[in-house]
>>> print(open('entry.cif').read())   # mmCIF, C-alpha atoms
data_work
#
loop_
_atom_site.label_atom_id
_atom_site.label_comp_id
_atom_site.auth_asym_id
_atom_site.auth_seq_id
_atom_site.Cartn_x
_atom_site.Cartn_y
_atom_site.Cartn_z
CA MET A 93 8.61 25.94 4.45
CA ASN A 94 4.82 25.80 4.13
CA PRO A 95 3.47 22.94 6.32
CA GLN A 96 1.20 21.79 3.49
CA ILE A 97 4.17 21.50 1.13
CA LEU A 98 6.08 19.53 3.77
CA ALA A 99 3.10 17.22 4.14
CA TRP A 100 2.97 16.60 0.39
CA CYS A 101 6.74 16.02 0.27
CA SER A 102 6.50 13.51 3.10
CA GLY A 103 3.59 11.77 1.35
CA LEU A 104 5.48 11.70 -1.94
CA ILE A 105 8.48 9.99 -0.33
CA GLY A 106 6.11 7.38 1.03
CA VAL A 107 4.57 6.86 -2.40
CA ILE A 108 8.00 6.44 -4.01
CA ILE A 109 8.92 3.81 -1.42
CA PHE A 110 5.60 1.99 -1.88
CA SER A 111 6.11 1.99 -5.66
CA GLY A 112 8.58 -0.87 -5.30
CA SER A 113 6.16 -3.01 -3.28
CA LEU A 114 4.33 -4.80 -6.09
CA PRO A 115 7.41 -5.49 -8.26
CA ALA A 116 9.20 -6.81 -5.15
CA THR A 117 6.17 -8.89 -4.18
CA ARG A 118 6.06 -10.35 -7.69
CA ILE A 119 9.73 -11.36 -7.42
CA ALA A 120 9.28 -12.87 -3.95
CA VAL A 121 6.08 -14.77 -4.75
CA MET A 122 7.91 -16.65 -7.51
CA ASP A 123 9.84 -18.48 -4.76
CA MET A 124 7.49 -18.24 -1.78
CA SER A 125 3.81 -18.88 -1.15
CA PRO A 126 1.68 -15.74 -0.67
CA TRP A 127 0.92 -16.77 2.92
CA LEU A 128 4.56 -17.34 3.85
CA LEU A 129 5.57 -14.05 2.23
CA THR A 130 2.81 -12.11 4.01
CA GLY A 131 3.60 -13.65 7.37
CA SER A 132 7.38 -13.38 7.20
CA ARG A 133 7.45 -9.75 6.00
CA ALA A 134 5.16 -8.74 8.88
CA VAL A 135 7.20 -10.73 11.42
CA ILE A 136 10.48 -9.12 10.33
CA ALA A 137 8.98 -5.62 10.39
CA GLY A 138 7.09 -6.37 13.62
CA MET A 139 10.22 -7.42 15.51
CA ILE A 140 11.98 -4.21 14.46
CA ALA A 141 8.91 -2.18 15.44
CA LEU A 142 8.83 -3.86 18.86
CA ILE A 143 12.50 -3.04 19.45
CA LEU A 144 11.96 0.61 18.43
CA LEU A 145 8.99 1.01 20.77
CA LYS A 146 10.90 -0.56 23.66
CA LEU A 147 14.10 1.43 23.12
CA LEU A 148 12.27 4.73 22.83
CA LYS A 149 9.92 3.84 25.72
CA VAL A 150 6.81 4.83 23.76
CA LYS A 151 3.63 4.99 25.82
CA ARG A 152 1.11 2.28 25.04
CA PRO A 153 -1.98 3.44 23.11
CA ASP A 154 -5.24 3.69 25.01
CA ALA A 155 -8.16 1.31 24.49
CA GLN A 156 -9.90 3.52 21.92
CA ASP A 157 -6.75 3.86 19.83
CA ARG A 158 -6.17 0.11 19.91
CA VAL A 159 -9.43 -0.42 18.02
CA GLY A 160 -8.17 1.91 15.29
CA LEU A 161 -4.82 0.13 15.25
CA ILE A 162 -6.61 -3.16 14.62
CA TYR A 163 -8.18 -1.57 11.52
CA VAL A 164 -4.72 -0.41 10.42
CA ALA A 165 -3.30 -3.90 10.96
CA LEU A 166 -6.13 -5.56 9.04
CA GLY A 167 -5.68 -3.12 6.17
CA VAL A 168 -1.96 -2.61 5.64
CA VAL A 169 -0.23 -5.35 7.64
CA ILE A 170 -2.42 -8.32 6.71
CA GLY A 171 -4.97 -7.47 4.00
CA PHE A 172 -3.06 -5.55 1.35
CA PRO A 173 0.13 -7.67 1.45
CA LEU A 174 -1.82 -10.94 1.35
CA PHE A 175 -4.32 -9.99 -1.36
CA THR A 176 -1.63 -8.50 -3.62
CA ALA A 177 0.57 -11.58 -3.18
CA LEU A 178 -2.39 -13.79 -4.12
CA ALA A 179 -3.22 -11.57 -7.11
CA LEU A 180 0.34 -11.61 -8.43
CA GLN A 181 0.06 -15.36 -8.99
CA TYR A 182 -2.33 -14.54 -11.85
CA MET A 183 -1.04 -11.28 -13.34
CA THR A 184 2.14 -9.34 -14.01
CA ALA A 185 3.38 -6.64 -11.65
CA ALA A 186 2.86 -4.01 -14.38
CA TYR A 187 -0.81 -4.94 -14.77
CA SER A 188 -1.43 -5.01 -11.01
CA ILE A 189 0.27 -1.65 -10.46
CA VAL A 190 -2.40 0.26 -12.37
CA PHE A 191 -4.99 -0.89 -9.80
CA VAL A 192 -3.13 1.25 -7.28
CA GLY A 193 -4.69 4.21 -9.08
CA LEU A 194 -7.92 3.28 -7.27
CA LEU A 195 -6.31 3.74 -3.84
CA PRO A 196 -6.89 7.53 -3.61
CA LEU A 197 -10.64 7.05 -4.05
CA SER A 198 -10.70 4.21 -1.53
CA THR A 199 -8.68 6.28 0.94
CA ALA A 200 -10.88 9.35 0.42
CA VAL A 201 -14.07 7.34 1.00
CA PHE A 202 -12.74 5.97 4.28
CA ALA A 203 -11.41 9.43 5.21
CA VAL A 204 -15.02 10.60 5.13
CA ILE A 205 -16.38 7.52 6.93
CA ARG A 206 -13.67 7.15 9.57
CA GLY A 207 -11.74 10.42 9.53
CA GLY A 208 -14.55 12.95 9.43
CA GLU A 209 -13.08 14.81 6.44
CA HIS A 210 -15.26 16.65 3.91
CA PRO A 211 -13.49 17.35 0.59
CA LYS A 212 -15.08 19.80 -1.84
CA PRO A 213 -17.48 18.31 -4.46
CA ILE A 214 -15.10 19.11 -7.33
CA PHE A 215 -12.45 17.01 -5.57
CA TRP A 216 -14.69 13.97 -5.96
CA ILE A 217 -15.12 14.65 -9.67
CA PHE A 218 -11.39 14.36 -10.33
CA ALA A 219 -10.97 11.47 -7.87
CA LEU A 220 -13.73 9.53 -9.62
CA LEU A 221 -12.38 10.44 -13.05
CA GLY A 222 -8.92 9.17 -12.13
CA SER A 223 -10.43 5.95 -10.80
CA ALA A 224 -12.58 5.55 -13.92
CA LEU A 225 -9.42 5.72 -16.04
CA VAL A 226 -7.99 2.82 -14.04
CA LEU A 227 -11.11 0.73 -14.62
CA LEU A 228 -11.03 1.63 -18.32
CA TYR A 229 -7.47 0.39 -18.54
CA ILE A 230 -8.33 -2.92 -16.86
CA PHE A 231 -10.76 -3.84 -19.62
CA LEU A 232 -8.97 -2.16 -22.55
CA GLU A 233 -5.65 -3.87 -21.93
CA ARG A 234 -7.00 -7.40 -22.12
CA THR A 235 -10.16 -9.50 -21.80
CA PRO A 236 -9.95 -11.15 -18.38
CA SER A 237 -10.09 -14.95 -18.24
CA ALA A 238 -11.57 -16.83 -15.27
CA THR A 239 -8.21 -17.13 -13.49
CA HIS A 240 -7.23 -13.58 -14.41
CA MET A 241 -10.55 -12.35 -13.03
CA LEU A 242 -9.64 -13.99 -9.73
CA GLY A 243 -6.47 -11.90 -9.69
CA ILE A 244 -8.53 -8.78 -10.41
CA LEU A 245 -10.86 -9.56 -7.49
CA TYR A 246 -7.87 -10.04 -5.19
CA MET A 247 -6.45 -6.67 -6.26
CA LEU A 248 -9.78 -4.90 -5.73
CA ALA A 249 -10.03 -6.44 -2.26
CA ALA A 250 -6.48 -5.24 -1.57
CA ILE A 251 -7.39 -1.69 -2.60
CA ILE A 252 -10.46 -1.61 -0.35
CA VAL A 253 -8.71 -2.84 2.81
CA CYS A 254 -5.66 -0.66 2.12
CA GLY A 255 -7.86 2.44 1.84
CA LEU A 256 -9.27 1.62 5.26
CA GLY A 257 -5.78 1.12 6.71
CA TYR A 258 -4.51 4.36 5.21
CA ALA A 259 -7.45 6.46 6.39
CA GLU A 260 -7.48 4.99 9.89
CA GLY A 261 -3.70 5.32 10.15
CA GLY A 262 -3.79 8.92 8.98
CA LYS A 263 -6.41 9.77 11.59
CA LEU A 264 -4.48 8.07 14.42
CA SER A 265 -1.22 9.71 13.32
CA ARG A 266 -2.62 13.11 14.31
CA LYS A 267 -2.83 11.86 17.88
CA ILE A 268 0.03 9.42 18.46
CA GLY A 269 2.41 10.06 15.53
CA GLY A 270 2.91 8.42 12.15
CA TRP A 271 5.73 6.03 12.92
CA GLN A 272 4.13 4.98 16.19
CA VAL A 273 0.93 4.01 14.34
CA ILE A 274 2.57 1.52 12.00
CA CYS A 275 4.84 0.19 14.75
CA TRP A 276 1.93 -0.51 17.11
CA ALA A 277 -0.13 -2.02 14.25
CA LEU A 278 2.77 -4.39 13.46
CA VAL A 279 3.20 -5.33 17.13
CA ILE A 280 -0.54 -5.97 17.58
CA SER A 281 -0.59 -8.28 14.56
CA LEU A 282 2.73 -9.98 15.43
CA PRO A 283 1.28 -13.08 17.18
CA VAL A 284 -1.09 -13.80 14.27
CA MET A 285 1.57 -13.20 11.62
CA LEU A 286 4.08 -15.35 13.50
CA MET A 287 1.54 -18.20 13.54
CA ILE A 288 0.91 -17.77 9.79
CA THR A 289 4.66 -17.87 9.14
CA ILE A 290 5.14 -21.04 11.22
CA LEU A 291 2.19 -22.83 9.61
CA ASN A 292 3.44 -22.03 6.09
CA TYR A 293 7.16 -22.44 6.74
CA SER A 294 8.94 -24.87 4.45
CA THR A 295 12.60 -25.85 4.72
CA LEU A 296 12.56 -26.70 1.02
CA THR A 297 11.27 -23.22 0.11
CA ILE A 298 13.86 -21.45 2.25
CA SER A 299 16.73 -23.60 0.93
CA HIS A 300 15.78 -22.80 -2.67
CA LEU A 301 15.12 -19.11 -2.07
CA SER A 302 16.93 -17.10 -4.73
CA PHE A 303 19.04 -14.05 -3.88
CA SER A 304 16.62 -11.77 -5.75
CA ALA A 305 13.67 -13.20 -3.79
CA LEU A 306 15.56 -12.65 -0.53
CA LEU A 307 16.26 -9.02 -1.46
CA ALA A 308 12.60 -8.58 -2.42
CA LEU A 309 11.52 -10.00 0.96
CA LEU A 310 13.84 -7.60 2.77
CA TYR A 311 12.51 -4.67 0.73
CA VAL A 312 8.84 -5.35 1.46
CA SER A 313 9.67 -6.04 5.11
CA LEU A 314 11.81 -2.97 5.84
CA PHE A 315 10.56 -0.39 3.36
CA SER A 316 7.04 -1.32 2.25
CA MET A 317 5.97 -2.55 5.69
CA LEU A 318 7.74 -0.06 7.93
CA ILE A 319 9.85 2.87 6.69
CA GLY A 320 7.47 3.96 3.95
CA PHE A 321 4.68 4.40 6.50
CA PHE A 322 6.80 6.77 8.60
CA PHE A 323 6.62 9.27 5.73
CA TRP A 324 3.17 8.32 4.45
CA TYR A 325 1.22 8.58 7.69
CA ASN A 326 3.01 11.82 8.57
CA GLY A 327 1.93 13.29 5.23
CA LEU A 328 -1.68 12.13 5.69
CA ALA A 329 -1.85 13.50 9.23
CA GLN A 330 -0.37 16.91 8.37
CA GLY A 331 -1.88 17.51 4.94
CA GLY A 332 -5.24 15.74 5.08
CA ILE A 333 -6.05 12.11 4.38
CA ALA A 334 -8.21 12.63 1.30
CA THR A 335 -6.05 15.33 -0.29
CA VAL A 336 -2.54 13.92 0.27
CA GLY A 337 -4.00 10.50 -0.53
CA GLN A 338 -4.34 11.64 -4.15
CA LEU A 339 -0.55 11.28 -4.48
CA GLN A 340 -1.18 7.56 -4.76
CA LEU A 341 -2.37 8.22 -8.31
CA LEU A 342 1.29 8.80 -9.14
CA GLN A 343 2.41 5.49 -7.66
CA PRO A 344 1.63 3.46 -10.80
CA LEU A 345 4.00 5.67 -12.81
CA PHE A 346 6.94 4.86 -10.55
CA GLY A 347 5.86 1.25 -10.17
CA LEU A 348 5.66 0.65 -13.92
CA ALA A 349 9.17 1.97 -14.37
CA LEU A 350 10.43 -0.47 -11.74
CA ALA A 351 8.45 -3.36 -13.25
CA ALA A 352 10.04 -2.68 -16.63
CA LEU A 353 13.51 -2.28 -15.12
CA LEU A 354 13.52 -5.18 -12.67
CA LEU A 355 11.15 -7.68 -14.27
CA HIS A 356 11.53 -6.66 -17.94
CA GLU A 357 7.75 -6.43 -18.26
CA SER A 358 6.37 -4.63 -21.30
CA ILE A 359 4.66 -1.25 -20.92
CA SER A 360 1.93 -0.61 -23.49
CA TRP A 361 0.98 2.74 -24.99
CA ILE A 362 -2.50 2.38 -23.46
CA MET A 363 -0.85 2.08 -20.05
CA LEU A 364 1.11 5.29 -20.60
CA LEU A 365 -1.91 7.25 -21.87
CA ILE A 366 -4.00 6.15 -18.92
CA LEU A 367 -1.23 7.18 -16.53
CA LEU A 368 -0.99 10.60 -18.19
CA GLY A 369 -4.71 11.08 -17.58
CA ILE A 370 -4.27 9.97 -13.97
CA ILE A 371 -1.47 12.50 -13.39
CA ILE A 372 -3.72 15.28 -14.72
CA CYS A 373 -6.48 14.15 -12.36
CA VAL A 374 -4.21 14.19 -9.32
CA ALA A 375 -2.98 17.67 -10.21
CA PHE A 376 -6.52 19.06 -10.33
CA ALA A 377 -7.62 17.08 -7.25
CA LYS A 378 -4.77 18.72 -5.31
CA LYS A 379 -5.69 22.15 -6.65
CA PHE A 380 -9.37 21.94 -5.68
CA ALA A 381 -9.06 19.84 -2.49
#
>>> encode(input="entry.cif", output="structure tokens")
Amino acid sequence: MNPQILAWCSGLIGVIIFSGSLPATRIAVMDMSPWLLTGSRAVIAGMIALILLKLLKVKRPDAQDRVGLIYVALGVVIGFPLFTALALQYMTAAYSIVFVGLLPLSTAVFAVIRGGEHPKPIFWIFALLGSALVLLYIFLERTPSATHMLGILYMLAAIIVCGLGYAEGGKLSRKIGGWQVICWALVISLPVMLMITILNYSTLTISHLSFSALLALLYVSLFSMLIGFFFWYNGLAQGGIATVGQLQLLQPLFGLALAALLLHESISWIMLLILLGIIICVAFAKKFA
């Protein structure tokens, strides 16, 4: 099979896995503080990553790669999980999911800054158009209140740091492998995340943790934090960070379906129209990348 098609397939699997992240985070944050959730999911994934690296006797990254891994850790291990958990205190999962449509632009920008990629000018037109549709939705769907605006700012911060983590991870994956990148990033951040978990641990919270919140925690720990990146970083490395990154424009579609199914959140016609426009943008971005 064509290597480019394989790269897109790998990236798509990653996107599908990530689509459950925000609905699961919304479920978990109902029973846990954002800090405890962020710390515990990283600790669980980090311990598994450490075991994998030890069992497979993976060579330690060199000093230059460790700097890049710190960027990955700040973006996808700490930043995105924490900012989205904080944002989901002020908005529904369905509303937050549409912000994910901004991730391809964020990833593409950092792919140019950190990855040395140079997409064609027409690529940027469709990437910007898709992102503009997301911003249009944010203000068409509702007039943000002061607290809701705080949630919006948290989500925008999450998108920025995640774009950095994706681009840096995609670049490193070409050298040391996709699954190794996320595993080393988790291990590097493990001491900090363990401290965050300990400082925010509450016996009362754990004793009243619902079964659905526990399942959500396991999902974001095993799939969102670990397994999804095996596919995602492989796709970015093989197919190009900026180009394969456009698949993230499809993530809101899958995420909205899960939000409606799991959380019974309403999906408006505006939401669906915006998503249709986003899908068209990603199709043309792929064609002209």
>>> residues_around(input="entry.cif", residues="Val273 in chain A", least_positions_apart="5", cutoff="8 Å", atoms="all atoms listed in the file", output="PyMOL selection string")
chain A and resi 161+261+264-265+268
>>> closest_atom_pairs(input="entry.cif", of="range 139-212 of chain A", to="range 328-333 of chain A", cutoff="12 Å", atoms="all atoms listed in the file", output="Markdown table")
| residue | atom | partner | partner_atom | distance |
| --- | --- | --- | --- | --- |
| A:Leu195 | CA | A:Ile333 | CA | 11.7 |
| A:Pro196 | CA | A:Ile333 | CA | 9.2 |
| A:Leu197 | CA | A:Ile333 | CA | 10.9 |
| A:Ser198 | CA | A:Ile333 | CA | 10.9 |
| A:Thr199 | CA | A:Ile333 | CA | 7.3 |
| A:Ala200 | CA | A:Ile333 | CA | 6.8 |
| A:Val201 | CA | A:Ile333 | CA | 9.9 |
| A:Phe202 | CA | A:Ile333 | CA | 9.1 |
| A:Ala203 | CA | A:Ile333 | CA | 6.0 |
| A:Val204 | CA | A:Ile333 | CA | 9.1 |
| A:Ile205 | CA | A:Ile333 | CA | 11.6 |
| A:Arg206 | CA | A:Ile333 | CA | 10.5 |
| A:Gly207 | CA | A:Ile333 | CA | 7.9 |
| A:Gly208 | CA | A:Ile333 | CA | 9.9 |
| A:Glu209 | CA | A:Ile333 | CA | 7.8 |
| A:His210 | CA | A:Gly332 | CA | 10.1 |
| A:Pro211 | CA | A:Gly332 | CA | 9.5 |
>>> closest_residue(input="entry.cif", among="A:Ile97, A:Cys254, A:Val279, A:Val135", to="Arg152 in chain A", atoms="only C-alpha atoms")
A:Val279
>>> atom_distance(input="entry.cif", atom1="CA of Phe172 in chain A", atom2="CA of Ala250 in chain A")
4.5 Å
>>> resolve_selection(input="entry.cif", expression="the PyMOL selection byres ((chain A and resi 292) around 12)", output="PyMOL selection string")
chain A and resi 124-132+285-291+293-298
>>> write_last_selection(input="entry.cif", atoms="C-alpha atoms", output="PDB file, in the frame of the given file")
ATOM      1  CA  MET A 124       7.490 -18.240  -1.780  1.00  0.00           C
ATOM      2  CA  SER A 125       3.810 -18.880  -1.150  1.00  0.00           C
ATOM      3  CA  PRO A 126       1.680 -15.740  -0.670  1.00  0.00           C
ATOM      4  CA  TRP A 127       0.920 -16.770   2.920  1.00  0.00           C
ATOM      5  CA  LEU A 128       4.560 -17.340   3.850  1.00  0.00           C
ATOM      6  CA  LEU A 129       5.570 -14.050   2.230  1.00  0.00           C
ATOM      7  CA  THR A 130       2.810 -12.110   4.010  1.00  0.00           C
ATOM      8  CA  GLY A 131       3.600 -13.650   7.370  1.00  0.00           C
ATOM      9  CA  SER A 132       7.380 -13.380   7.200  1.00  0.00           C
ATOM     10  CA  MET A 285       1.570 -13.200  11.620  1.00  0.00           C
ATOM     11  CA  LEU A 286       4.080 -15.350  13.500  1.00  0.00           C
ATOM     12  CA  MET A 287       1.540 -18.200  13.540  1.00  0.00           C
ATOM     13  CA  ILE A 288       0.910 -17.770   9.790  1.00  0.00           C
ATOM     14  CA  THR A 289       4.660 -17.870   9.140  1.00  0.00           C
ATOM     15  CA  ILE A 290       5.140 -21.040  11.220  1.00  0.00           C
ATOM     16  CA  LEU A 291       2.190 -22.830   9.610  1.00  0.00           C
ATOM     17  CA  TYR A 293       7.160 -22.440   6.740  1.00  0.00           C
ATOM     18  CA  SER A 294       8.940 -24.870   4.450  1.00  0.00           C
ATOM     19  CA  THR A 295      12.600 -25.850   4.720  1.00  0.00           C
ATOM     20  CA  LEU A 296      12.560 -26.700   1.020  1.00  0.00           C
ATOM     21  CA  THR A 297      11.270 -23.220   0.110  1.00  0.00           C
ATOM     22  CA  ILE A 298      13.860 -21.450   2.250  1.00  0.00           C
TER      23      ILE A 298
END
>>> residues_around(input="entry.cif", residues="Val169 in chain A", least_positions_apart="6", cutoff="12 Å", atoms="only C-alpha atoms", output="PyMOL selection string")
chain A and resi 129-138+161-163+175-176+250+253-254+256-258+261+273-282+284-285+312-313+316-318+321
>>> write_last_selection(input="entry.cif", atoms="C-alpha atoms", output="PDB file, in the coordinates of the input")
ATOM      1  CA  LEU A 129       5.570 -14.050   2.230  1.00  0.00           C
ATOM      2  CA  THR A 130       2.810 -12.110   4.010  1.00  0.00           C
ATOM      3  CA  GLY A 131       3.600 -13.650   7.370  1.00  0.00           C
ATOM      4  CA  SER A 132       7.380 -13.380   7.200  1.00  0.00           C
ATOM      5  CA  ARG A 133       7.450  -9.750   6.000  1.00  0.00           C
ATOM      6  CA  ALA A 134       5.160  -8.740   8.880  1.00  0.00           C
ATOM      7  CA  VAL A 135       7.200 -10.730  11.420  1.00  0.00           C
ATOM      8  CA  ILE A 136      10.480  -9.120  10.330  1.00  0.00           C
ATOM      9  CA  ALA A 137       8.980  -5.620  10.390  1.00  0.00           C
ATOM     10  CA  GLY A 138       7.090  -6.370  13.620  1.00  0.00           C
ATOM     11  CA  LEU A 161      -4.820   0.130  15.250  1.00  0.00           C
ATOM     12  CA  ILE A 162      -6.610  -3.160  14.620  1.00  0.00           C
ATOM     13  CA  TYR A 163      -8.180  -1.570  11.520  1.00  0.00           C
ATOM     14  CA  PHE A 175      -4.320  -9.990  -1.360  1.00  0.00           C
ATOM     15  CA  THR A 176      -1.630  -8.500  -3.620  1.00  0.00           C
ATOM     16  CA  ALA A 250      -6.480  -5.240  -1.570  1.00  0.00           C
ATOM     17  CA  VAL A 253      -8.710  -2.840   2.810  1.00  0.00           C
ATOM     18  CA  CYS A 254      -5.660  -0.660   2.120  1.00  0.00           C
ATOM     19  CA  LEU A 256      -9.270   1.620   5.260  1.00  0.00           C
ATOM     20  CA  GLY A 257      -5.780   1.120   6.710  1.00  0.00           C
ATOM     21  CA  TYR A 258      -4.510   4.360   5.210  1.00  0.00           C
ATOM     22  CA  GLY A 261      -3.700   5.320  10.150  1.00  0.00           C
ATOM     23  CA  VAL A 273       0.930   4.010  14.340  1.00  0.00           C
ATOM     24  CA  ILE A 274       2.570   1.520  12.000  1.00  0.00           C
ATOM     25  CA  CYS A 275       4.840   0.190  14.750  1.00  0.00           C
ATOM     26  CA  TRP A 276       1.930  -0.510  17.110  1.00  0.00           C
ATOM     27  CA  ALA A 277      -0.130  -2.020  14.250  1.00  0.00           C
ATOM     28  CA  LEU A 278       2.770  -4.390  13.460  1.00  0.00           C
ATOM     29  CA  VAL A 279       3.200  -5.330  17.130  1.00  0.00           C
ATOM     30  CA  ILE A 280      -0.540  -5.970  17.580  1.00  0.00           C
ATOM     31  CA  SER A 281      -0.590  -8.280  14.560  1.00  0.00           C
ATOM     32  CA  LEU A 282       2.730  -9.980  15.430  1.00  0.00           C
ATOM     33  CA  VAL A 284      -1.090 -13.800  14.270  1.00  0.00           C
ATOM     34  CA  MET A 285       1.570 -13.200  11.620  1.00  0.00           C
ATOM     35  CA  VAL A 312       8.840  -5.350   1.460  1.00  0.00           C
ATOM     36  CA  SER A 313       9.670  -6.040   5.110  1.00  0.00           C
ATOM     37  CA  SER A 316       7.040  -1.320   2.250  1.00  0.00           C
ATOM     38  CA  MET A 317       5.970  -2.550   5.690  1.00  0.00           C
ATOM     39  CA  LEU A 318       7.740  -0.060   7.930  1.00  0.00           C
ATOM     40  CA  PHE A 321       4.680   4.400   6.500  1.00  0.00           C
TER      41      PHE A 321
END
>>> atom_distance(input="entry.cif", atom1="CA of Ile108 in chain A", atom2="CA of Pro153 in chain A")
29.1 Å
>>> residues_around(input="entry.cif", residues="Phe346 in chain A", least_positions_apart="6", cutoff="12 Å", atoms="only C-alpha atoms", output="number ranges by chain")
A: 104-115, 186, 189-190, 192-193, 339-340, 352-353, 364, 367, 371
>>> write_last_selection(input="entry.cif", atoms="C-alpha atoms", output="CSV table (one decimal), in the coordinates of the input")
chain,number,residue,atom,x,y,z
A,104,LEU,CA,5.5,11.7,-1.9
A,105,ILE,CA,8.5,10.0,-0.3
A,106,GLY,CA,6.1,7.4,1.0
A,107,VAL,CA,4.6,6.9,-2.4
A,108,ILE,CA,8.0,6.4,-4.0
A,109,ILE,CA,8.9,3.8,-1.4
A,110,PHE,CA,5.6,2.0,-1.9
A,111,SER,CA,6.1,2.0,-5.7
A,112,GLY,CA,8.6,-0.9,-5.3
A,113,SER,CA,6.2,-3.0,-3.3
A,114,LEU,CA,4.3,-4.8,-6.1
A,115,PRO,CA,7.4,-5.5,-8.3
A,186,ALA,CA,2.9,-4.0,-14.4
A,189,ILE,CA,0.3,-1.6,-10.5
A,190,VAL,CA,-2.4,0.3,-12.4
A,192,VAL,CA,-3.1,1.2,-7.3
A,193,GLY,CA,-4.7,4.2,-9.1
A,339,LEU,CA,-0.6,11.3,-4.5
A,340,GLN,CA,-1.2,7.6,-4.8
A,352,ALA,CA,10.0,-2.7,-16.6
A,353,LEU,CA,13.5,-2.3,-15.1
A,364,LEU,CA,1.1,5.3,-20.6
A,367,LEU,CA,-1.2,7.2,-16.5
A,371,ILE,CA,-1.5,12.5,-13.4
>>> resolve_selection(input="entry.cif", expression="the PyMOL selection byres ((chain A and resi 245) around 12)", output="list of chain:residue names")
A:Phe175, A:Thr176, A:Leu178, A:Ala179, A:Leu180, A:Tyr182, A:Met183, A:Ser188, A:Phe191, A:Ile230, A:Pro236, A:Ala238, A:Thr239, A:His240, A:Met241, A:Leu242, A:Gly243, A:Ile244, A:Tyr246, A:Met247, A:Leu248, A:Ala249, A:Ala250, A:Ile251, A:Ile252
>>> write_last_selection(input="entry.cif", atoms="C-alpha atoms", output="PDB file, keeping the file's coordinate frame")
ATOM      1  CA  PHE A 175      -4.320  -9.990  -1.360  1.00  0.00           C
ATOM      2  CA  THR A 176      -1.630  -8.500  -3.620  1.00  0.00           C
ATOM      3  CA  LEU A 178      -2.390 -13.790  -4.120  1.00  0.00           C
ATOM      4  CA  ALA A 179      -3.220 -11.570  -7.110  1.00  0.00           C
ATOM      5  CA  LEU A 180       0.340 -11.610  -8.430  1.00  0.00           C
ATOM      6  CA  TYR A 182      -2.330 -14.540 -11.850  1.00  0.00           C
ATOM      7  CA  MET A 183      -1.040 -11.280 -13.340  1.00  0.00           C
ATOM      8  CA  SER A 188      -1.430  -5.010 -11.010  1.00  0.00           C
ATOM      9  CA  PHE A 191      -4.990  -0.890  -9.800  1.00  0.00           C
ATOM     10  CA  ILE A 230      -8.330  -2.920 -16.860  1.00  0.00           C
ATOM     11  CA  PRO A 236      -9.950 -11.150 -18.380  1.00  0.00           C
ATOM     12  CA  ALA A 238     -11.570 -16.830 -15.270  1.00  0.00           C
ATOM     13  CA  THR A 239      -8.210 -17.130 -13.490  1.00  0.00           C
ATOM     14  CA  HIS A 240      -7.230 -13.580 -14.410  1.00  0.00           C
ATOM     15  CA  MET A 241     -10.550 -12.350 -13.030  1.00  0.00           C
ATOM     16  CA  LEU A 242      -9.640 -13.990  -9.730  1.00  0.00           C
ATOM     17  CA  GLY A 243      -6.470 -11.900  -9.690  1.00  0.00           C
ATOM     18  CA  ILE A 244      -8.530  -8.780 -10.410  1.00  0.00           C
ATOM     19  CA  TYR A 246      -7.870 -10.040  -5.190  1.00  0.00           C
ATOM     20  CA  MET A 247      -6.450  -6.670  -6.260  1.00  0.00           C
ATOM     21  CA  LEU A 248      -9.780  -4.900  -5.730  1.00  0.00           C
ATOM     22  CA  ALA A 249     -10.030  -6.440  -2.260  1.00  0.00           C
ATOM     23  CA  ALA A 250      -6.480  -5.240  -1.570  1.00  0.00           C
ATOM     24  CA  ILE A 251      -7.390  -1.690  -2.600  1.00  0.00           C
ATOM     25  CA  ILE A 252     -10.460  -1.610  -0.350  1.00  0.00           C
TER      26      ILE A 252
END
>>> residues_around(input="entry.cif", residues="Leu368 in chain A", least_positions_apart="4", cutoff="12 Å", atoms="only C-alpha atoms", output="MDAnalysis selection string")
chainID A and resid 190 193 222 225:226 341:342 344:345 361:364 372:375
>>> atom_distance(input="entry.cif", atom1="CA of Gln181 in chain A", atom2="CA of Val164 in chain A")
25.0 Å
>>> axis_aligned_box(input="entry.cif", around="range 211-217 of chain A", padding_each_side="3 Å", output="lines of an AutoDock Vina configuration file")
center_x = -15.0
center_y = 16.9
center_z = -4.5
size_x = 11.0
size_y = 11.8
size_z = 16.3
>>> closest_residue(input="entry.cif", among="A:Thr184, A:Thr117, A:Ser304, A:Gln272", to="Asn326 in chain A", atoms="only C-alpha atoms")
A:Gln272
>>> closest_residue(input="entry.cif", among="A:Asp123, A:Glu260, A:Asp154, A:Glu357", to="Phe303 in chain A", atoms="only C-alpha atoms")
A:Asp123
>>> build_atoms(input="entry.cif", residues="range 209-214 of chain A", atoms="N, CA and C atoms", output="PDB file, in the coordinates of the input")
ATOM      1  N   GLU A 209     -13.476  13.764   7.389  1.00  0.00           N
ATOM      2  CA  GLU A 209     -13.080  14.810   6.440  1.00  0.00           C
ATOM      3  C   GLU A 209     -14.205  15.062   5.432  1.00  0.00           C
ATOM      4  N   HIS A 210     -14.218  16.266   4.862  1.00  0.00           N
ATOM      5  CA  HIS A 210     -15.260  16.650   3.910  1.00  0.00           C
ATOM      6  C   HIS A 210     -14.647  17.399   2.738  1.00  0.00           C
ATOM      7  N   PRO A 211     -14.060  16.682   1.769  1.00  0.00           N
ATOM      8  CA  PRO A 211     -13.490  17.350   0.590  1.00  0.00           C
ATOM      9  C   PRO A 211     -14.571  18.059  -0.218  1.00  0.00           C
ATOM     10  N   LYS A 212     -14.154  19.061  -0.988  1.00  0.00           N
ATOM     11  CA  LYS A 212     -15.080  19.800  -1.840  1.00  0.00           C
ATOM     12  C   LYS A 212     -15.649  18.876  -2.924  1.00  0.00           C
ATOM     13  N   PRO A 213     -16.866  19.157  -3.423  1.00  0.00           N
ATOM     14  CA  PRO A 213     -17.480  18.310  -4.460  1.00  0.00           C
ATOM     15  C   PRO A 213     -16.611  18.143  -5.708  1.00  0.00           C
ATOM     16  N   ILE A 214     -15.913  19.207  -6.122  1.00  0.00           N
ATOM     17  CA  ILE A 214     -15.100  19.110  -7.330  1.00  0.00           C
ATOM     18  C   ILE A 214     -13.924  18.142  -7.138  1.00  0.00           C
TER      19      ILE A 214
END
